[in-house]
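*Asks:* Sharing a structure here in structure tokens format.
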Amino acid sequence: LIDSAIAARYDSRTTDIPQVPNIITREFLFDYLVVGAGFSGSVIAERLASQSGKKVLVVDKRNHIGGNAYDHYDDHGVLVHKYGPHIFHTNSHHVFEYLSLFTQWRQYEHRVLASVDGQLVPIPINLDTINKLYGMNLNSFEVADFFKSVAEPRDIIRTSEDVVISKVGQELYEKFFRNYTRKQWGLDPSELDKSVIARIPTRTNRDNRYFTDSYQAMPLHGFTRMFEKMLSHPNIKVMLNTDYREIQKAIPCREMVYTGPVDEFFDYRFGKLPYRSLNFKHETHHVPVFQPAPVVNYPNEHLYTRVTEFKYLTGQEHNKTSIVYEFPTAEGDPYYPIPRPENQEIYKHYRDLAESTFGVYFVGRLATYKYLNMDHCVAQALATYKQIAVKATANS
Ligand code: FAD
Ligand code: UDP
């Protein structure tokens, strides 16, 4: 009797039978799980949410967003970069335009001095560097001849040593590059791909800017504020202090974007990929200015490579000033992929595996094992988003 009464009730309400949660077919709570809230992860999450209407869960094992570009106000109220100096520069109009959706900018051209032979001289090496270092008064033509006279041309430019020696010879190589590189990488420049030191040009003019890109600017209110805006879309949820492996099974997502170290993702099955790390020593000084340049490099002295004074970068006015020393180390958080052929060989195995791993996109400096600047990460993430969007359109 009871059964038939229930049946009758349901018969009369076939259209509005209460829905019980579907526990048989597994539903996806999110379309995408994005691992890492740095540049790479945040750009993809933002595009997926705002342009494709996807629901995105961003997880980061750190207690903040922004990845290595994270900045914050320290205990003295000075805006600092937790993971060392991050200076934005790009030649890509597209990248600059995209980031401008989330921040205003402060024009900033970066300048660096190197401590060599008891003097502070401009690096990249330029006309003034040579004149100051050797007490000369050369002009641009004469310094070009000077470089020619000391350069030791090499048939094949393969390593970072080749790059410098072939342009400026042994002595300047020793003064500016050899020891800095040994400290920074734990390797001699002859053991590193040419691309590493090729980042630093040599100039015959007086241009003392570290970069010559067409766009050079810092986010007006800092990187973290920019990331907050990127991730503020209602389709994006952010979960911090969480390794993705803790929640991967509990929170089903249709596809994944992974921006952590690629070897870790695959449980190091082809061996560990070497990454270089840094220890940062932050200090605040009760003076308005600490040093005469935003960054001072120490190629030949100290265990640290460089000292950065943040107020130059951020333009903040404050009666105190905060600085950071960078001490390179092999252990610790992976900050730099190490560009050399044997590491590239290992990476190729991971890359092939990554390419055949269905439903996971590998993006960024750690996941593609490339010495990428921030703007490169943005460009790579935008390109990956495009791929995802094209695939989605083709499948619909
Ligand atoms: P990351 O910023 O490393 O983000 C990856 C995120 O993934 C991290 O937050 C990490 O916690 C998270 N993650 C990893 N594994 C897991 C996991 N299992 N679960 C959850 N989360 C995980 N570039 C410039 O353009 N200009 C500069 O001046 C500059 N200076 C630099 C100075 C230093 C000292 C360093 C180290 C880098 C510098 N860079 C600079 C490079 C810049 O930091 C990178 O290009 C960029 O930040 C990389 O972004 P990403 O998102 O790929 O990686
Ligand atoms: N480098 C050097 N002396 C310097 C500056 C740079 O030998 O005074 C070399 C060093 O190998 C360094 C590389 O050039 O790692 C790239 O320098 P960059 O300042 O671009 O390094 P990053 O800011 O990425 O740490």
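Please note that chains go A, B, ... in the order of the structure tokens, that every chain numbers its residues from 1, and that ligands are numbered from 1 in the order shown.
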May I ask you to write as a PDB file with N, CA and C atoms, in the first residue's frame all residues lying at most 6 Å from ligand 1, with only C-alpha atoms and all ligand atoms counted?
*Replies:*
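File produced: part14.pdb:
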```
ATOM      1  N   VAL A  35      47.880  24.078 -11.505  1.00  0.00           N
ATOM      2  CA  VAL A  35      48.852  23.892 -10.424  1.00  0.00           C
ATOM      3  C   VAL A  35      49.893  24.997 -10.506  1.00  0.00           C
ATOM      4  N   GLY A  36      49.885  25.891  -9.512  1.00  0.00           N
ATOM      5  CA  GLY A  36      50.845  27.000  -9.481  1.00  0.00           C
ATOM      6  C   GLY A  36      50.158  28.319  -9.784  1.00  0.00           C
ATOM      7  N   ALA A  37      50.315  29.286  -8.872  1.00  0.00           N
ATOM      8  CA  ALA A  37      49.671  30.597  -9.036  1.00  0.00           C
ATOM      9  C   ALA A  37      50.681  31.672  -9.420  1.00  0.00           C
ATOM     10  N   GLY A  38      51.763  31.267 -10.127  1.00  0.00           N
ATOM     11  CA  GLY A  38      52.743  32.229 -10.638  1.00  0.00           C
ATOM     12  C   GLY A  38      52.243  32.822 -11.949  1.00  0.00           C
ATOM     13  N   PHE A  39      53.145  33.437 -12.708  1.00  0.00           N
ATOM     14  CA  PHE A  39      52.764  34.043 -13.982  1.00  0.00           C
ATOM     15  C   PHE A  39      52.071  33.029 -14.887  1.00  0.00           C
ATOM     16  N   SER A  40      52.687  31.859 -15.032  1.00  0.00           N
ATOM     17  CA  SER A  40      52.177  30.888 -16.009  1.00  0.00           C
ATOM     18  C   SER A  40      50.777  30.421 -15.639  1.00  0.00           C
ATOM     19  N   GLY A  41      50.621  30.000 -14.391  1.00  0.00           N
ATOM     20  CA  GLY A  41      49.318  29.485 -13.954  1.00  0.00           C
ATOM     21  C   GLY A  41      48.254  30.569 -13.928  1.00  0.00           C
ATOM     22  N   VAL A  59      45.647  25.898  -7.506  1.00  0.00           N
ATOM     23  CA  VAL A  59      46.239  25.531  -6.205  1.00  0.00           C
ATOM     24  C   VAL A  59      47.726  25.889  -6.210  1.00  0.00           C
ATOM     25  N   ASP A  60      48.194  26.313  -5.055  1.00  0.00           N
ATOM     26  CA  ASP A  60      49.635  26.553  -4.912  1.00  0.00           C
ATOM     27  C   ASP A  60      50.055  26.064  -3.536  1.00  0.00           C
ATOM     28  N   LYS A  61      51.209  25.421  -3.496  1.00  0.00           N
ATOM     29  CA  LYS A  61      51.624  24.905  -2.197  1.00  0.00           C
ATOM     30  C   LYS A  61      52.190  25.993  -1.291  1.00  0.00           C
ATOM     31  N   ARG A  62      52.507  27.143  -1.862  1.00  0.00           N
ATOM     32  CA  ARG A  62      52.948  28.255  -1.028  1.00  0.00           C
ATOM     33  C   ARG A  62      51.736  28.938  -0.391  1.00  0.00           C
ATOM     34  N   GLY A  67      53.739  33.273  -7.405  1.00  0.00           N
ATOM     35  CA  GLY A  67      54.947  32.470  -7.658  1.00  0.00           C
ATOM     36  C   GLY A  67      56.187  33.237  -7.245  1.00  0.00           C
ATOM     37  N   ASN A  68      57.225  33.161  -8.032  1.00  0.00           N
ATOM     38  CA  ASN A  68      58.483  33.822  -7.680  1.00  0.00           C
ATOM     39  C   ASN A  68      58.430  35.332  -7.860  1.00  0.00           C
ATOM     40  N   ALA A  69      57.373  35.826  -8.492  1.00  0.00           N
ATOM     41  CA  ALA A  69      57.256  37.270  -8.676  1.00  0.00           C
ATOM     42  C   ALA A  69      56.501  37.931  -7.504  1.00  0.00           C
ATOM     43  N   TYR A  83      61.352  36.757  -3.487  1.00  0.00           N
ATOM     44  CA  TYR A  83      62.277  35.844  -4.167  1.00  0.00           C
ATOM     45  C   TYR A  83      63.271  36.582  -5.060  1.00  0.00           C
ATOM     46  N   GLY A  84      63.764  37.701  -4.592  1.00  0.00           N
ATOM     47  CA  GLY A  84      64.782  38.421  -5.364  1.00  0.00           C
ATOM     48  C   GLY A  84      64.184  39.380  -6.376  1.00  0.00           C
ATOM     49  N   PRO A  85      65.044  40.256  -6.944  1.00  0.00           N
ATOM     50  CA  PRO A  85      64.557  41.361  -7.781  1.00  0.00           C
ATOM     51  C   PRO A  85      63.859  40.871  -9.048  1.00  0.00           C
ATOM     52  N   HIS A  86      62.654  41.364  -9.260  1.00  0.00           N
ATOM     53  CA  HIS A  86      61.919  41.048 -10.490  1.00  0.00           C
ATOM     54  C   HIS A  86      61.626  42.336 -11.235  1.00  0.00           C
ATOM     55  N   ILE A  87      62.243  42.471 -12.396  1.00  0.00           N
ATOM     56  CA  ILE A  87      62.105  43.692 -13.191  1.00  0.00           C
ATOM     57  C   ILE A  87      61.416  43.313 -14.493  1.00  0.00           C
ATOM     58  N   PHE A  88      60.305  43.979 -14.760  1.00  0.00           N
ATOM     59  CA  PHE A  88      59.547  43.607 -15.957  1.00  0.00           C
ATOM     60  C   PHE A  88      60.078  44.345 -17.185  1.00  0.00           C
ATOM     61  N   THR A 242      48.513  24.277  -0.481  1.00  0.00           N
ATOM     62  CA  THR A 242      48.014  22.975  -0.915  1.00  0.00           C
ATOM     63  C   THR A 242      48.852  22.420  -2.056  1.00  0.00           C
ATOM     64  N   ASP A 243      49.426  21.256  -1.819  1.00  0.00           N
ATOM     65  CA  ASP A 243      50.056  20.534  -2.921  1.00  0.00           C
ATOM     66  C   ASP A 243      48.925  19.885  -3.712  1.00  0.00           C
ATOM     67  N   TYR A 244      48.974  19.989  -5.031  1.00  0.00           N
ATOM     68  CA  TYR A 244      47.836  19.498  -5.819  1.00  0.00           C
ATOM     69  C   TYR A 244      47.562  18.020  -5.575  1.00  0.00           C
ATOM     70  N   THR A 259      52.334  23.822 -13.678  1.00  0.00           N
ATOM     71  CA  THR A 259      53.456  24.755 -13.817  1.00  0.00           C
ATOM     72  C   THR A 259      54.580  24.487 -12.809  1.00  0.00           C
ATOM     73  N   GLY A 260      54.545  23.327 -12.141  1.00  0.00           N
ATOM     74  CA  GLY A 260      55.627  22.963 -11.215  1.00  0.00           C
ATOM     75  C   GLY A 260      56.764  22.274 -11.964  1.00  0.00           C
ATOM     76  N   TYR A 335      64.765  27.389  -8.610  1.00  0.00           N
ATOM     77  CA  TYR A 335      64.561  28.716  -9.205  1.00  0.00           C
ATOM     78  C   TYR A 335      65.040  28.800 -10.649  1.00  0.00           C
ATOM     79  N   GLY A 364      55.472  26.982 -18.372  1.00  0.00           N
ATOM     80  CA  GLY A 364      56.262  27.804 -17.452  1.00  0.00           C
ATOM     81  C   GLY A 364      57.704  27.372 -17.320  1.00  0.00           C
ATOM     82  N   ARG A 365      58.398  28.101 -16.460  1.00  0.00           N
ATOM     83  CA  ARG A 365      59.846  27.967 -16.321  1.00  0.00           C
ATOM     84  C   ARG A 365      60.244  26.587 -15.766  1.00  0.00           C
ATOM     85  N   LEU A 366      59.459  26.065 -14.856  1.00  0.00           N
ATOM     86  CA  LEU A 366      59.816  24.784 -14.235  1.00  0.00           C
ATOM     87  C   LEU A 366      59.272  23.598 -15.035  1.00  0.00           C
ATOM     88  N   LEU A 372      63.230  31.085 -18.563  1.00  0.00           N
ATOM     89  CA  LEU A 372      62.300  32.068 -19.123  1.00  0.00           C
ATOM     90  C   LEU A 372      62.175  33.288 -18.215  1.00  0.00           C
ATOM     91  N   ASN A 373      62.106  34.451 -18.822  1.00  0.00           N
ATOM     92  CA  ASN A 373      61.755  35.659 -18.074  1.00  0.00           C
ATOM     93  C   ASN A 373      60.232  35.699 -17.905  1.00  0.00           C
ATOM     94  N   MET A 374      59.799  36.668 -17.091  1.00  0.00           N
ATOM     95  CA  MET A 374      58.347  36.746 -16.832  1.00  0.00           C
ATOM     96  C   MET A 374      57.552  36.930 -18.119  1.00  0.00           C
ATOM     97  N   ASP A 375      58.021  37.803 -18.999  1.00  0.00           N
ATOM     98  CA  ASP A 375      57.252  38.067 -20.227  1.00  0.00           C
ATOM     99  C   ASP A 375      57.196  36.832 -21.124  1.00  0.00           C
ATOM    100  N   CYS A 377      57.074  33.818 -20.000  1.00  0.00           N
ATOM    101  CA  CYS A 377      56.064  32.944 -19.378  1.00  0.00           C
ATOM    102  C   CYS A 377      54.659  33.383 -19.777  1.00  0.00           C
TER     103      CYS A 377
END
```
*Asks:* Could you pull out the residues sitting within 7 Å of ligand 2, using only C-alpha atoms and all ligand atoms, and write them as a ChimeraX atom specification?
*Replies:* /A:114,123,176-181,184-185,196-197,199-200,297,299
*Asks:* Quote the spacing between atom CA of A:Arg106 and atom CA of A:Leu231 in Å to one decimal place.
*Replies:*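 Answer for the atom CA of A:Arg106 to atom CA of A:Leu231 separation: 21.6 Å.
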*Asks:* Just asking: which residues within stretch 97-308 of chain A are alpha helix (DSSP H) according to DSSP, as a ChimeraX atom specification?
*Replies:* /A:97-99,127-134,140-150,160-172,179-185,194-197,223-230,244-247,262-265
*Asks:* Take the residues from that selection and put them in a file with C-alpha atoms, as a CSV table (one decimal), in the first residue's frame.
*Replies:*
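So out.csv came out as:
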```csv
chain,number,residue,atom,x,y,z
A,97,GLU,CA,48.9,45.0,-23.6
A,98,TYR,CA,47.6,41.9,-21.9
A,99,LEU,CA,49.1,42.6,-18.5
A,127,LEU,CA,82.3,52.7,-22.9
A,128,ASP,CA,82.2,54.2,-19.4
A,129,THR,CA,83.0,50.8,-17.8
A,130,ILE,CA,86.2,50.5,-19.8
A,131,ASN,CA,87.2,54.2,-19.3
A,132,LYS,CA,86.7,54.0,-15.6
A,133,LEU,CA,88.3,50.6,-15.1
A,134,TYR,CA,91.5,51.5,-17.0
A,140,SER,CA,82.9,54.8,-29.0
A,141,PHE,CA,85.1,54.1,-32.1
A,142,GLU,CA,88.2,53.7,-29.9
A,143,VAL,CA,86.5,51.4,-27.5
A,144,ALA,CA,85.3,49.2,-30.4
A,145,ASP,CA,89.0,48.9,-31.5
A,146,PHE,CA,89.9,48.2,-27.9
A,147,PHE,CA,87.4,45.3,-27.8
A,148,LYS,CA,88.8,44.0,-31.1
A,149,SER,CA,92.3,44.1,-29.7
A,150,VAL,CA,91.5,42.1,-26.6
A,160,SER,CA,79.0,30.9,-22.1
A,161,GLU,CA,82.8,31.2,-21.9
A,162,ASP,CA,83.0,31.3,-25.8
A,163,VAL,CA,80.5,34.2,-25.8
A,164,VAL,CA,82.5,36.4,-23.6
A,165,ILE,CA,86.1,35.6,-24.6
A,166,SER,CA,85.3,36.0,-28.3
A,167,LYS,CA,83.9,39.5,-27.6
A,168,VAL,CA,86.0,41.0,-24.9
A,169,GLY,CA,88.9,38.6,-24.2
A,170,GLN,CA,90.3,36.8,-21.1
A,171,GLU,CA,90.9,39.7,-18.8
A,172,LEU,CA,87.4,41.2,-18.8
A,179,ASN,CA,83.6,34.1,-10.8
A,180,TYR,CA,80.0,35.5,-10.8
A,181,THR,CA,79.0,32.6,-13.0
A,182,ARG,CA,80.8,30.0,-10.9
A,183,LYS,CA,79.1,31.4,-7.8
A,184,GLN,CA,75.6,31.6,-9.4
A,185,TRP,CA,75.6,28.2,-11.1
A,194,LYS,CA,76.0,30.1,-24.5
A,195,SER,CA,72.5,31.4,-23.9
A,196,VAL,CA,73.2,32.1,-20.2
A,197,ILE,CA,75.8,34.8,-20.5
A,223,PHE,CA,53.1,42.3,-8.8
A,224,THR,CA,50.9,40.7,-6.2
A,225,ARG,CA,48.2,43.4,-6.7
A,226,MET,CA,48.3,42.6,-10.4
A,227,PHE,CA,47.9,38.9,-9.7
A,228,GLU,CA,45.0,39.5,-7.3
A,229,LYS,CA,43.2,41.2,-10.2
A,230,MET,CA,44.0,38.4,-12.6
A,244,TYR,CA,47.8,19.5,-5.8
A,245,ARG,CA,48.4,15.9,-5.0
A,246,GLU,CA,46.5,16.4,-1.7
A,247,ILE,CA,43.3,17.3,-3.4
A,262,VAL,CA,58.3,18.6,-14.7
A,263,ASP,CA,60.6,15.9,-13.2
A,264,GLU,CA,58.6,16.0,-10.0
A,265,PHE,CA,55.3,15.5,-11.8
```
*Asks:* Please provide as a PyMOL selection string all residues within 8 Å of A:Leu33, with the sequence filter that same-chain residues fewer than 5 positions apart are discarded (counting only C-alpha atoms).
*Replies:* chain A and resi 56-59+253-257
*Asks:* Since we have the selection now, will you write its residues out, keeping N, CA and C atoms, as a compact mmCIF listing (two decimals), in the first residue's frame?
*Replies:*
```
# COMPACT_ATOMS: atom_id res chain seq x y z
N VAL A 56 37.67 27.20 -12.89
CA VAL A 56 39.08 26.90 -12.69
C VAL A 56 39.43 26.87 -11.20
N LEU A 57 40.12 25.82 -10.81
CA LEU A 57 40.67 25.77 -9.45
C LEU A 57 42.18 25.94 -9.55
N VAL A 58 42.71 27.00 -8.91
CA VAL A 58 44.15 27.22 -8.89
C VAL A 58 44.67 26.80 -7.52
N VAL A 59 45.65 25.90 -7.51
CA VAL A 59 46.24 25.53 -6.21
C VAL A 59 47.73 25.89 -6.21
N CYS A 253 38.73 17.31 -11.63
CA CYS A 253 38.77 18.37 -12.65
C CYS A 253 38.95 17.69 -14.01
N ARG A 254 38.38 18.32 -15.01
CA ARG A 254 38.39 17.69 -16.34
C ARG A 254 39.82 17.63 -16.91
N GLU A 255 40.54 18.74 -16.86
CA GLU A 255 41.91 18.77 -17.38
C GLU A 255 42.80 19.53 -16.41
N MET A 256 44.11 19.45 -16.66
CA MET A 256 45.04 20.10 -15.73
C MET A 256 46.07 20.95 -16.47
N VAL A 257 46.43 22.07 -15.84
CA VAL A 257 47.57 22.85 -16.32
C VAL A 257 48.60 22.78 -15.21
```
*Asks:* Among stretch 102-155 of chain A, which ones does DSSP place in strand (DSSP E or B), written as a VMD selection string?
*Replies:* chain A and resid 105 to 107 111 to 116 119 to 123
*Asks:* Write to file, as a compact mmCIF listing (two decimals), in the first residue's frame, the residues of the selection just made, with N, CA and C atoms.
*Replies:*
```
# COMPACT_ATOMS: atom_id res chain seq x y z
N TRP A 105 51.13 51.11 -14.78
CA TRP A 105 52.58 50.89 -14.76
C TRP A 105 53.32 52.11 -14.24
N ARG A 106 54.53 51.84 -13.76
CA ARG A 106 55.48 52.90 -13.42
C ARG A 106 56.69 52.69 -14.32
N GLN A 107 57.01 53.69 -15.14
CA GLN A 107 58.16 53.54 -16.03
C GLN A 107 59.41 53.30 -15.21
N ARG A 111 69.21 49.65 -13.86
CA ARG A 111 70.65 49.88 -14.02
C ARG A 111 71.40 49.12 -12.95
N VAL A 112 72.56 48.59 -13.33
CA VAL A 112 73.33 47.74 -12.42
C VAL A 112 74.78 48.18 -12.44
N LEU A 113 75.40 48.18 -11.25
CA LEU A 113 76.85 48.42 -11.16
C LEU A 113 77.51 47.13 -10.72
N ALA A 114 78.75 46.94 -11.18
CA ALA A 114 79.51 45.76 -10.73
C ALA A 114 80.71 46.25 -9.92
N SER A 115 80.99 45.54 -8.84
CA SER A 115 82.13 45.89 -8.01
C SER A 115 83.35 45.13 -8.54
N VAL A 116 84.24 45.89 -9.21
CA VAL A 116 85.42 45.27 -9.84
C VAL A 116 86.66 46.10 -9.54
N GLN A 119 86.24 49.33 -7.63
CA GLN A 119 85.39 50.40 -8.17
C GLN A 119 84.01 49.86 -8.49
N LEU A 120 83.03 50.75 -8.54
CA LEU A 120 81.69 50.36 -9.01
C LEU A 120 81.55 50.87 -10.45
N VAL A 121 81.40 49.94 -11.38
CA VAL A 121 81.34 50.31 -12.80
C VAL A 121 80.11 49.71 -13.46
N PRO A 122 79.64 50.35 -14.55
CA PRO A 122 78.41 49.85 -15.18
C PRO A 122 78.57 48.44 -15.77
N ILE A 123 77.56 47.62 -15.57
CA ILE A 123 77.43 46.33 -16.26
C ILE A 123 76.04 46.33 -16.85
```
